[in-house]
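Student: For reference, this is structure-v3.tsv, and it has TSV, C-alpha atoms.
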chain	number	residue	atom	x	y	z
V	1	MET	CA	14.51	-3.74	-3.04
V	2	ALA	CA	11.13	-5.46	-2.76
V	3	THR	CA	8.87	-4.52	0.16
V	4	ALA	CA	6.12	-7.14	-0.24
V	5	LEU	CA	7.02	-8.95	2.99
V	6	ARG	CA	7.15	-5.85	5.17
V	7	GLN	CA	5.27	-6.32	8.42
V	8	PRO	CA	2.35	-3.87	8.90
V	9	GLN	CA	3.84	-2.23	12.00
V	10	MET	CA	7.14	-1.44	10.25
V	11	SER	CA	7.79	1.76	8.39
V	12	ALA	CA	8.86	1.47	4.77
V	13	HIS	CA	12.18	3.02	5.80
V	14	GLU	CA	12.81	0.34	8.43
V	15	TRP	CA	12.00	-2.49	6.02
V	16	GLU	CA	14.31	-1.05	3.39
V	17	ALA	CA	17.09	-0.74	6.00
V	18	ARG	CA	16.46	-4.33	7.12
V	19	GLN	CA	16.72	-5.67	3.60
V	20	GLU	CA	19.88	-3.72	2.83
V	21	LEU	CA	21.53	-4.87	6.06
V	22	ALA	CA	20.45	-8.50	5.61
V	23	ALA	CA	21.87	-8.42	2.09
V	24	CYS	CA	25.14	-7.09	3.51
V	25	TYR	CA	25.45	-9.99	5.94
V	26	ARG	CA	25.02	-12.40	3.03
V	27	VAL	CA	27.60	-10.50	0.97
V	28	PHE	CA	30.08	-10.68	3.85
V	29	ASP	CA	29.52	-14.42	4.09
V	30	MET	CA	29.96	-14.84	0.34
V	31	LEU	CA	33.28	-13.00	0.60
V	32	GLY	CA	34.49	-15.26	3.41
V	33	TRP	CA	34.22	-12.70	6.20
V	34	SER	CA	31.93	-14.68	8.53
V	35	GLU	CA	33.30	-15.59	11.96
V	36	MET	CA	31.04	-18.37	13.28
V	37	ILE	CA	28.11	-16.50	14.93
V	38	TYR	CA	30.23	-13.48	15.93
V	39	ASN	CA	31.06	-10.01	14.58
V	40	HIS	CA	28.57	-7.33	13.67
V	41	ILE	CA	27.25	-4.91	11.09
V	42	THR	CA	24.78	-2.34	12.38
V	43	VAL	CA	22.73	0.47	10.87
V	44	LYS	CA	20.85	3.33	12.47
V	45	LEU	CA	17.17	3.82	11.69
V	46	ASP	CA	17.07	7.46	10.69
V	47	ASP	CA	13.30	7.72	11.17
V	48	GLU	CA	13.42	6.38	14.75
V	49	ARG	CA	15.71	8.30	17.08
V	50	GLY	CA	18.18	6.15	18.98
V	51	ALA	CA	17.21	2.92	17.22
V	52	PHE	CA	19.50	0.63	15.27
V	53	LEU	CA	19.52	-2.86	13.77
V	54	ILE	CA	21.96	-5.61	14.73
V	55	ASN	CA	22.33	-9.28	13.86
V	56	PRO	CA	20.59	-11.86	16.07
V	57	PHE	CA	23.14	-13.56	18.33
V	58	GLY	CA	23.24	-17.21	17.43
V	59	LEU	CA	22.72	-16.96	13.68
V	60	HIS	CA	25.51	-17.36	11.14
V	61	PHE	CA	25.85	-14.50	8.65
V	62	SER	CA	24.49	-16.86	5.98
V	63	GLU	CA	21.26	-17.26	7.99
V	64	VAL	CA	20.45	-13.59	8.63
V	65	THR	CA	17.24	-12.32	7.05
V	66	ALA	CA	15.55	-8.93	6.99
V	67	SER	CA	12.91	-9.97	9.52
V	68	SER	CA	15.34	-11.71	11.91
V	69	LEU	CA	17.45	-8.59	12.53
V	70	VAL	CA	16.99	-7.23	16.04
V	71	LYS	CA	15.96	-3.62	16.62
V	72	ILE	CA	17.43	-2.15	19.82
V	73	ASP	CA	17.98	1.25	21.39
V	74	LEU	CA	21.26	2.77	22.50
V	75	ASP	CA	20.93	1.10	25.90
V	76	GLY	CA	20.47	-2.37	24.41
V	77	ASN	CA	16.72	-2.63	24.96
V	78	LYS	CA	14.74	-4.46	22.29
V	79	LEU	CA	12.29	-2.18	20.50
V	80	ALA	CA	10.40	-4.99	18.78
V	81	ASP	CA	9.64	-8.61	19.63
V	82	SER	CA	12.46	-10.97	18.76
V	83	PRO	CA	13.28	-14.52	19.90
V	84	TYR	CA	16.98	-13.76	19.55
V	85	PRO	CA	19.40	-12.23	22.07
V	86	VAL	CA	21.97	-9.55	21.24
V	87	ASN	CA	25.69	-10.12	21.75
V	88	LEU	CA	26.83	-7.75	24.52
V	89	ALA	CA	30.27	-7.41	22.93
V	90	GLY	CA	28.66	-6.14	19.74
V	91	PHE	CA	26.14	-3.88	21.40
V	92	VAL	CA	28.64	-2.10	23.66
V	93	GLN	CA	31.06	-1.28	20.85
V	94	HIS	CA	28.52	-0.25	18.21
V	95	ALA	CA	26.16	1.66	20.50
V	96	VAL	CA	28.89	4.02	21.72
V	97	PHE	CA	29.66	5.09	18.15
V	98	HIS	CA	26.01	5.34	17.09
V	99	ARG	CA	25.38	7.47	20.18
V	100	ASN	CA	28.30	9.86	19.77
V	101	LEU	CA	28.84	10.12	16.01
V	102	PRO	CA	25.92	11.51	13.99
V	103	ASP	CA	27.55	10.45	10.70
V	104	ALA	CA	28.11	6.83	11.81
V	105	HIS	CA	25.03	5.46	10.06
V	106	CYS	CA	26.60	2.05	9.45
V	107	ILE	CA	29.32	0.33	11.48
V	108	MET	CA	31.16	-2.85	10.49
V	109	HIS	CA	33.46	-4.93	12.69
V	110	THR	CA	35.14	-8.15	11.58
V	111	HIS	CA	37.80	-10.63	12.65
V	112	THR	CA	39.12	-11.53	9.21
V	113	THR	CA	42.48	-13.27	9.19
V	114	ALA	CA	44.15	-10.46	7.24
V	115	GLY	CA	42.53	-7.72	9.31
V	116	MET	CA	43.49	-9.29	12.61
V	117	ALA	CA	47.01	-9.99	11.40
V	118	VAL	CA	47.69	-6.41	10.31
V	119	SER	CA	46.13	-5.09	13.52
V	120	SER	CA	48.58	-7.25	15.45
V	121	VAL	CA	51.89	-6.03	14.00
V	122	GLU	CA	53.89	-2.95	14.86
V	123	GLY	CA	53.18	-0.17	12.40
V	124	GLY	CA	49.80	-1.56	11.34
V	125	LEU	CA	48.87	-0.88	7.74
V	126	ARG	CA	51.69	0.60	5.67
V	127	PRO	CA	51.38	2.43	2.30
V	128	THR	CA	52.86	-0.44	0.29
V	129	ASN	CA	50.01	-1.13	-2.14
V	130	PHE	CA	47.25	0.60	-4.09
V	131	TYR	CA	44.51	0.00	-1.51
V	132	ALA	CA	46.68	0.79	1.49
V	133	CYS	CA	47.43	4.18	-0.06
V	134	ASN	CA	43.69	4.91	0.07
V	135	PHE	CA	43.90	4.91	3.87
V	136	ALA	CA	47.27	6.52	4.62
V	137	GLY	CA	46.76	9.10	7.37
V	138	GLN	CA	43.12	8.08	7.80
V	139	ILE	CA	43.37	5.14	10.22
V	140	ALA	CA	42.95	5.33	13.99
V	141	TYR	CA	44.26	2.71	16.42
V	142	HIS	CA	42.89	1.47	19.73
V	143	ASP	CA	44.86	-0.81	22.07
V	144	PHE	CA	43.37	-4.17	22.98
V	145	GLU	CA	41.67	-4.17	26.39
V	146	GLY	CA	40.02	-7.59	26.22
V	147	VAL	CA	36.58	-8.51	24.92
V	148	THR	CA	34.53	-5.34	24.48
V	149	VAL	CA	31.79	-5.78	27.08
V	150	ARG	CA	32.57	-2.87	29.44
V	151	SER	CA	30.84	0.41	28.69
V	152	GLU	CA	33.67	2.44	30.24
V	153	GLU	CA	35.93	1.44	27.34
V	154	GLY	CA	33.61	3.40	25.06
V	155	GLU	CA	35.11	6.77	26.02
V	156	ARG	CA	38.54	5.60	24.93
V	157	LEU	CA	37.20	4.12	21.71
V	158	VAL	CA	35.60	7.42	20.74
V	159	ALA	CA	38.64	9.45	21.83
V	160	ASN	CA	41.07	7.25	19.88
V	161	LEU	CA	38.86	7.34	16.77
V	162	GLY	CA	38.78	11.14	16.77
V	163	SER	CA	37.76	12.54	13.39
V	164	LYS	CA	38.68	9.33	11.55
V	165	ARG	CA	36.12	6.74	10.52
V	166	VAL	CA	38.40	3.73	10.07
V	167	MET	CA	40.07	2.03	13.02
V	168	PHE	CA	42.28	-0.94	13.72
V	169	LEU	CA	41.44	-2.49	17.05
V	170	ARG	CA	44.95	-3.68	17.89
V	171	ASN	CA	45.29	-7.47	18.19
V	172	HIS	CA	41.59	-7.63	17.38
V	173	GLY	CA	40.44	-6.60	13.91
V	174	ILE	CA	38.85	-4.08	11.57
V	175	LEU	CA	36.30	-1.37	12.42
V	176	VAL	CA	34.88	0.90	9.73
V	177	MET	CA	31.90	3.21	9.56
V	178	GLY	CA	30.11	5.17	6.88
V	179	ARG	CA	27.35	7.67	6.23
V	180	THR	CA	25.62	4.91	4.28
V	181	LEU	CA	25.91	1.14	4.29
V	182	PRO	CA	27.44	1.02	0.78
V	183	GLU	CA	30.05	3.60	1.83
V	184	ALA	CA	31.02	1.50	4.85
V	185	PHE	CA	31.07	-1.60	2.66
V	186	ILE	CA	33.53	-0.21	0.12
V	187	LYS	CA	35.75	1.00	2.97
V	188	HIS	CA	35.76	-2.46	4.51
V	189	TRP	CA	36.34	-4.18	1.18
V	190	SER	CA	39.24	-1.88	0.30
V	191	LEU	CA	40.79	-2.16	3.77
V	192	GLN	CA	40.51	-5.94	3.70
V	193	ARG	CA	42.21	-6.05	0.29
V	194	ALA	CA	44.95	-3.74	1.57
V	195	CYS	CA	45.56	-6.11	4.50
V	196	GLU	CA	45.58	-9.22	2.32
V	197	ILE	CA	48.09	-7.70	-0.09
V	198	GLN	CA	50.30	-6.45	2.75
V	199	LEU	CA	50.48	-9.97	4.17
V	200	ALA	CA	51.35	-11.39	0.78
V	201	THR	CA	53.99	-8.72	0.19
V	202	MET	CA	55.62	-9.19	3.58
V	203	SER	CA	55.92	-12.93	2.96
V	204	MET	CA	58.05	-12.21	-0.12
V	205	GLY	CA	60.55	-9.70	1.26
V	206	THR	CA	60.91	-6.08	2.28
V	207	PRO	CA	57.86	-4.04	1.09
V	208	LEU	CA	58.38	-0.88	-0.94
V	209	GLU	CA	56.61	2.06	0.68
V	210	VAL	CA	54.96	4.64	-1.57
V	211	ALA	CA	56.32	8.17	-1.16
V	212	PRO	CA	54.06	10.59	0.76
V	213	GLU	CA	53.70	12.94	-2.21
V	214	VAL	CA	52.49	10.07	-4.39
V	215	VAL	CA	50.04	8.97	-1.70
V	216	ALA	CA	48.65	12.51	-1.62
V	217	THR	CA	48.19	12.54	-5.39
V	218	HIS	CA	46.56	9.10	-5.27
V	219	GLN	CA	44.06	10.17	-2.61
V	220	ARG	CA	43.32	13.42	-4.44
V	221	ASP	CA	42.49	11.59	-7.68
V	222	LEU	CA	40.61	8.57	-6.33
V	223	HIS	CA	37.20	10.12	-6.98
V	224	LYS	CA	37.97	10.18	-10.70
V	225	ALA	CA	37.86	6.38	-10.72
V	226	SER	CA	34.54	6.16	-8.84
V	227	VAL	CA	31.17	5.23	-10.31
V	228	PRO	CA	28.57	8.03	-9.94
V	229	GLY	CA	25.75	7.48	-7.46
V	230	GLY	CA	27.49	7.57	-4.10
V	231	ALA	CA	30.46	5.86	-2.50
V	232	GLY	CA	30.21	2.09	-2.79
V	233	LYS	CA	26.66	2.05	-4.15
V	234	ALA	CA	27.44	0.36	-7.47
V	235	ASP	CA	29.96	-1.99	-5.83
V	236	PHE	CA	27.49	-3.12	-3.19
V	237	ALA	CA	24.68	-3.53	-5.70
V	238	ALA	CA	26.90	-5.78	-7.80
V	239	MET	CA	27.64	-7.98	-4.79
V	240	VAL	CA	23.93	-8.23	-3.93
V	241	ARG	CA	23.22	-9.42	-7.46
V	242	LEU	CA	25.78	-12.18	-6.97
V	243	VAL	CA	24.18	-13.17	-3.66
V	244	ASP	CA	20.77	-13.29	-5.32
V	245	LYS	CA	22.06	-15.82	-7.84
V	246	GLN	CA	22.72	-18.18	-4.92
V	247	ASP	CA	19.89	-17.44	-2.48
V	248	THR	CA	17.21	-14.77	-2.06
V	249	SER	CA	16.02	-15.81	1.41
V	250	TRP	CA	17.72	-12.78	2.98
V	251	ARG	CA	14.83	-10.68	1.68
V	252	GLU	CA	12.29	-12.39	3.94
Would you mind writing the file's structure down as structure tokens?

Tutor:
Amino acid sequence: MATALRQPQMSAHEWEARQELAACYRVFDMLGWSEMIYNHITVKLDDERGAFLINPFGLHFSEVTASSLVKIDLDGNKLADSPYPVNLAGFVQHAVFHRNLPDAHCIMHTHTTAGMAVSSVEGGLRPTNFYACNFAGQIAYHDFEGVTVRSEEGERLVANLGSKRVMFLRNHGILVMGRTLPEAFIKHWSLQRACEIQLATMSMGTPLEVAPEVVATHQRDLHKASVPGGAGKADFAAMVRLVDKQDTSWRE
């Protein structure tokens, strides 16, 4: 990605992270995953301990740019000048994972219709379609406790997540994380598709669940259908190219 607009005080790494994250917000909006001015995607700055980027509270996903992202520490303090506030609900939830999980480089939380619907039914996501089989045995669940603004809920969030990196916040929505932003993106995209298809299937009748042994084979062989270069990298790059055809202001 271009770095011509990088501010002098920013490292090249931070500017690259800002552009990748801003592009992701625009991709989410293009895919219909915006929720007014709410929900969050965050990334850690690997060259600045305890620092991460979050969307400015008050901007729609379609308005986020690289320079408007807010840099904060794990206690919610701004680490660079910004005219924008940070949503407490987003900070509390994301900071606890960034603080406790070294591999949680990128965290995505959305309130998509399909994601919220599946999080709100008994049994959650079932192995009844191709994408759902990707996640069988890999999803954690956390009971709804109200809007996430209390730091003490963080201990339960981390405990319920355990070793998994995909979670349904019951009655609330989707939470995924990845070692890279593209990895988190392809997880979110696949999980969203799984939820959409489950809703469609349930509207037609009784879903057919895939046998556990077939699920195991499916998960074992998934990597054979992946593009080289890292999980989600080619997928995310393709989506950014589509965004660029509409608007390149996210780069600023």

Student: Grab the atom CA of V:Ala159 to atom CA of V:Leu222 distance for me, in Å with one decimal place.

Tutor: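 Separation between atom CA of V:Ala159 and atom CA of V:Leu222: 28.2 Å.
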
Student: Contacts between stretch 6-24 of chain V and stretch 28-137 of chain V, please, where a residue of stretch 28-137 of chain V counts if it comes within 12 Å (with all atoms listed in the file); show its shortest atom pair and distance in Å to one decimal, rows by chain and ascending number, as a tab-separated table.

Tutor:
residue	atom	partner	partner_atom	distance
V:Phe28	CA	V:Cys24	CA	6.1
V:Asp29	CA	V:Cys24	CA	8.6
V:Met30	CA	V:Cys24	CA	9.7
V:Leu31	CA	V:Cys24	CA	10.5
V:Trp33	CA	V:Cys24	CA	11.0
V:Ser34	CA	V:Cys24	CA	11.4
V:His40	CA	V:Leu21	CA	10.7
V:Ile41	CA	V:Leu21	CA	7.6
V:Thr42	CA	V:Leu21	CA	7.5
V:Val43	CA	V:Leu21	CA	7.3
V:Lys44	CA	V:Ala17	CA	8.5
V:Leu45	CA	V:Glu14	CA	6.5
V:Asp46	CA	V:His13	CA	8.2
V:Asp47	CA	V:His13	CA	7.2
V:Glu48	CA	V:Glu14	CA	8.8
V:Ala51	CA	V:Glu14	CA	10.2
V:Phe52	CA	V:Glu14	CA	9.6
V:Leu53	CA	V:Arg18	CA	7.5
V:Ile54	CA	V:Leu21	CA	8.7
V:Asn55	CA	V:Ala22	CA	8.5
V:Pro56	CA	V:Ala22	CA	11.0
V:Leu59	CA	V:Ala22	CA	11.9
V:His60	CA	V:Ala22	CA	11.6
V:Phe61	CA	V:Ala22	CA	8.6
V:Ser62	CA	V:Ala22	CA	9.3
V:Glu63	CA	V:Ala22	CA	9.1
V:Val64	CA	V:Ala22	CA	5.9
V:Thr65	CA	V:Ala22	CA	5.2
V:Ala66	CA	V:Arg18	CA	4.7
V:Ser67	CA	V:Arg18	CA	7.1
V:Ser68	CA	V:Ala22	CA	8.7
V:Leu69	CA	V:Arg18	CA	7.0
V:Val70	CA	V:Arg18	CA	9.4
V:Lys71	CA	V:Arg18	CA	9.5
V:Leu79	CA	V:Met10	CA	11.5
V:Ala80	CA	V:Met10	CA	9.8
V:Asp81	CA	V:Gln9	CA	11.5
V:His105	CA	V:Ala17	CA	10.9
V:Cys106	CA	V:Leu21	CA	9.2
V:Ile107	CA	V:Leu21	CA	10.8
V:Met108	CA	V:Cys24	CA	10.1

Student: Calculated over all atoms listed in the file, which of the candidates V:Ala231, V:Leu175, V:Val27, V:Cys133 has the smallest distance to V:Ala194?

Tutor: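 That would be V:Cys133, the residue with the smallest distance to V:Ala194.
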
Student: Between atom CA of V:Arg99 and atom CA of V:Asn160, measure the distance and give it in Å to one decimal.

Tutor: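 According to the coordinates, atom CA of V:Arg99 and atom CA of V:Asn160 are separated by 15.7 Å.
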
Student: For a quick check of your reading of the model, name the residues lying within 9 Å of the coordinate (25.0, 6.9, 3.3), counting all atoms listed in the file, and write them as an MDAnalysis selection string.

Tutor: chainID V and resid 103 105:106 178:184 230:231

Student: For V:Ala211, which residue out of V:Ala136, V:Val118, V:Ile72, V:Leu161 is the nearest one, using all atoms listed in the file?

Tutor: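 For V:Ala211, the nearest of the candidates is V:Ala136.
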
Student: Please check which residues have atoms at most 8 Å from (43.6, -4.7, 3.9) in the file's coordinates, counting all atoms listed in the file, and write them as an MDAnalysis selection string.

Tutor: chainID V and resid 114:115 118 125 131:132 189:198

Student: Show me, as a short mmCIF file (atom, residue, chain, number, x, y, z; two decimals) with C-alpha atoms, in the coordinates of the input, the residues that have an atom within 12 Å of V:Gly162 when counting all atoms listed in the file, minus same-chain residues fewer than 6 positions from it.

Tutor:
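Result went into out.cif, see below:
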data_model
loop_
_atom_site.label_atom_id
_atom_site.label_comp_id
_atom_site.auth_asym_id
_atom_site.auth_seq_id
_atom_site.Cartn_x
_atom_site.Cartn_y
_atom_site.Cartn_z
CA PHE V 97 29.66 5.09 18.15
CA ASN V 100 28.30 9.86 19.77
CA LEU V 101 28.84 10.12 16.01
CA GLN V 138 43.12 8.08 7.80
CA ILE V 139 43.37 5.14 10.22
CA ALA V 140 42.95 5.33 13.99
CA TYR V 141 44.26 2.71 16.42
CA HIS V 142 42.89 1.47 19.73
CA GLU V 155 35.11 6.77 26.02
CA ARG V 156 38.54 5.60 24.93
#

Student: Using only C-alpha atoms for the distances, tell me which of V:Asn134, V:Gln246, V:Gln93, V:Thr113 is nearest to V:Glu152.

Tutor: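 Nearest candidate to V:Glu152 out of V:Asn134, V:Gln246, V:Gln93, V:Thr113: V:Gln93.
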
Student: To one decimal in Å, tell me the separation between atom CA of V:Asn39 and atom CA of V:Lys164.

Tutor: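 Taking atom CA of V:Asn39 and atom CA of V:Lys164, their separation equals 21.0 Å.
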
Student: Write out as a list in words each polymer residue whose atoms come within 7 Å of V:Leu88, counting all atoms listed in the file; drop sequence neighbours fewer than 3 positions from it.

Tutor: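 Within the cut-off, the hits are Phe91, Val92 and Val149 of chain V.
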